[in-house]
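Notes to accompany the following structure.
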Amino acid sequence: MPHHVAVLALDGVLPLDLGIPARVFNEARAADGTPLYSVSTFSPGGRAVRTHEDFRIVVDHDESVLRTADTVVIATQEPGEHLLATGTLPDDLAAVLDQVRPQTRIVSLCTSAFLLAAAGLLDGRRATTHWTLCDTFADLFPDVEVDPDVLFVDNGRILTSAGGVAGIDLCLHLVRRDHGAAVAAAAARRCVAAPWREGGQAQFIEHAVPRETDRSTSATREWALRQLAEPLTLEDMARHAHMSVRTFTRRFSSEAGTSPLKWLNQRRLAHARLLLETTDLPVARIAAACGFGDPVALRKQFHTSLGLSPVAYRRAHNAPDPTTRADAVLGSAR
C-alpha cells in the first residue's frame with residue numbers, strides 16, 4: 001500500500017503551500033511507475049476553508065482520514081490571534097490533533113510550527129519556522145530551540161520547515177528518507193525543482209546590500225563539486241575564490257547559509273548516497289570517489305548523519321540497476 005499522507009487545511013491557509021505536499025509526493029514513484037504515496041487533503045469537519053487570498057477551497061475529506069494516515073502535514077496558515085496571544089490551541093483544533101495516531105509522522109510547513117509548539121509537540125526539540133517570525137516564536141515557546149537559519153529540521157517523527165517553498169525541500173527530504181536519493185531526485189526533476197538546495201533560509205534573510213566590489217563564491221562552489229574526490233581544504237577553496245580564508249568563509253556562509261566545510265561534507269555525503277543506490281561500486285571506491293579517503297571515514301559519516309552503515313543504507317535503498325554505468329554516475333560529480 002502507498003504511504004498515506006494527510007494534509008490539513010485550516011482557515012487562512014496559503015494556497016501555494018497547501019499544494020506542495022501533493023505536488024511532491026505524487027511525483028515519487030517506484031521503478032515501475034507505481035505511486036509510492038497517496039495524498040488526502042482534509043479540514044476539520046470537511047468544511048470549506050477560507051484561504052489567505054480572496055477565495056475559498058472545498059476539500060473532499062474530514063479528520064477521519066487520520067485513522068489511516070502515515071504522515072500528517074499541516075499546511076501554512078495564519079497562526080491566529082488566539083494562538084499568538086495565549087500560546088495555546090483553540091479547542092476544536094486541539095481535538096483534531098488529538099486524533100493523530102502515536103506512530104504517525106507529523107510535519108509542519110512554515111508558520112504551522114506554531115500549532116505543533118502550542119500542542120506541546122516541540123518541547124525540548126529543535127524547530128524552525130519563517131525567519132521573520134522566529135523571534136516571536138522563541139518568545140512564545142521558550143521550551144523550543146528555534147533555528148532561524150535552516151530550511152527544515154528533522155526530529156524523526158516530528159519535522160518543521162522554514163517559510164515559503166522550503167516546504168518543497170522538506171517533502172523531498174521525506175521522499176529521500178523513505179525511498180532514497182534517486183527516487184527523490186526523480187521526483188524533483190518532475191517538479192522542476194532542485195533535489196537539494198544548498199544552505200538554509202539564512203541566505204534569504206534581509207541584509208545590507210553588498211558593495212559592488214564584493215565577489216560571489218558561486219564559481220568556487222561549482223568548482224568544488226567537480227573536485228569532490230580531492231582532499232579539498234578551506235584554504236584551497238579560498239585560494240580558488242582569490243580571497244582570504246576569513247573573507248571567503250564570511251561571504252560563503254552569507255550566500256549558502258552554512259560554512260564551507262559543512263557544505264562540502266553535505267555534498268560528499270549526498271553523492272555517496274547516490275552511488276550506493278545506483279551502482280554496485282565497492283564501498284572503498286565510493287569513499288575515495290566522494291573525498292572521504294577511506295571506508296572508515298565514510299562509515300563514520302554515515303553513522304553520524306544517518307544512523308546506519310553504508311552497506312545497510314545500500315540494502316535499505318534497493319539493489320543497483322544492472323544497466324547503470326558506474327563511470328557515468330561517477331562523472332556526474334565532475
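Naming scheme: A, B, ... for chains in displayed order of the C-alpha cells; residues 1 onward per chain; ligands 1 onward as shown.
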
| task | For Val183 in chain A, list every protein, DNA or RNA residue within 9 Å, evaluated using only C-alpha atoms, and leave out those in the same chain fewer than 5 positions away; present the list as a PyMOL selection string. | result | chain A and resi 28-31+175-176+188

Could those residues be written to a file, using C-alpha atoms, as an mmCIF file, in the first residue's frame?
data_model
loop_
_atom_site.group_PDB
_atom_site.id
_atom_site.type_symbol
_atom_site.label_atom_id
_atom_site.label_comp_id
_atom_site.auth_asym_id
_atom_site.auth_seq_id
_atom_site.Cartn_x
_atom_site.Cartn_y
_atom_site.Cartn_z
ATOM 1 C CA ALA A 28 7.513 9.919 -6.104
ATOM 2 C CA ARG A 29 7.276 6.600 -7.931
ATOM 3 C CA ALA A 30 8.853 3.169 -7.891
ATOM 4 C CA ALA A 31 10.970 1.962 -10.799
ATOM 5 C CA VAL A 175 10.966 11.097 -0.014
ATOM 6 C CA ARG A 176 14.739 10.807 0.218
ATOM 7 C CA ALA A 188 12.360 16.762 -8.051
#

| said: Which residues are close to Val165 in chain A, i.e. within 12 Å by only C-alpha atoms, leaving aside same-chain residues fewer than 4 positions away? Reply as a PyMOL selection string. | reply: chain A and resi 14-21+23-24+75-76+109-110+129-130+151-152+161+169-172+193-194+197+200-201+204

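Ranking A:Cys134, A:Ala238, A:Val39, A:Val283 by their shortest atom-to-atom distance to Ala312 in chain A, with only C-alpha atoms included, puts A:Val283 first.
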
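Interatomic distance, CA of Arg190 in chain A against CA of Val59 in chain A: 25.0 Å.
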
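Distance-wise, CA of Glu230 in chain A and CA of Met243 in chain A end up 20.3 Å apart.
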
| note | Pairwise distance, CA of Ser40 in chain A with CA of His4 in chain A, equals 7.7 Å

| task | Step one, run DSSP on the backbone; step two, keep only residues of range 36-283 of chain A assigned to helix (DSSP H, G or I); then write them as a PyMOL selection string. | result | chain A and resi 44-46+63-67+81-86+91-97+110-118+131-140+166-179+181-190+201-204+218-225+234-240+245-256+260-278+283

Contacts of range 289-294 of chain A within 7 Å, only C-alpha atoms, excl. fewer than 2 positions in-chain, as a PDB file with C-alpha atoms, in the first residue's frame:
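What ended up in selection-v1.pdb:
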ATOM      1  CA  LEU A 228      34.742  16.017  -4.668  1.00  0.00           C
ATOM      2  CA  ALA A 229      37.272  13.188  -4.900  1.00  0.00           C
ATOM      3  CA  GLU A 230      40.115  15.549  -3.986  1.00  0.00           C
ATOM      4  CA  PRO A 231      41.154  16.314  -0.379  1.00  0.00           C
ATOM      5  CA  ARG A 268      30.109  14.455  -0.427  1.00  0.00           C
ATOM      6  CA  HIS A 271      26.996  11.864  -3.734  1.00  0.00           C
ATOM      7  CA  ALA A 272      27.967   8.804  -1.682  1.00  0.00           C
ATOM      8  CA  ALA A 284      36.090   1.652  -0.609  1.00  0.00           C
ATOM      9  CA  ARG A 285      35.851   3.077  -4.121  1.00  0.00           C
ATOM     10  CA  ILE A 286      32.827   5.173  -3.217  1.00  0.00           C
ATOM     11  CA  ALA A 287      34.689   6.583  -0.209  1.00  0.00           C
ATOM     12  CA  VAL A 296      36.309   4.037   7.858  1.00  0.00           C
ATOM     13  CA  ALA A 297      35.722   7.777   7.382  1.00  0.00           C
ATOM     14  CA  LEU A 298      32.720   7.072   5.161  1.00  0.00           C
TER      15      LEU A 298
END
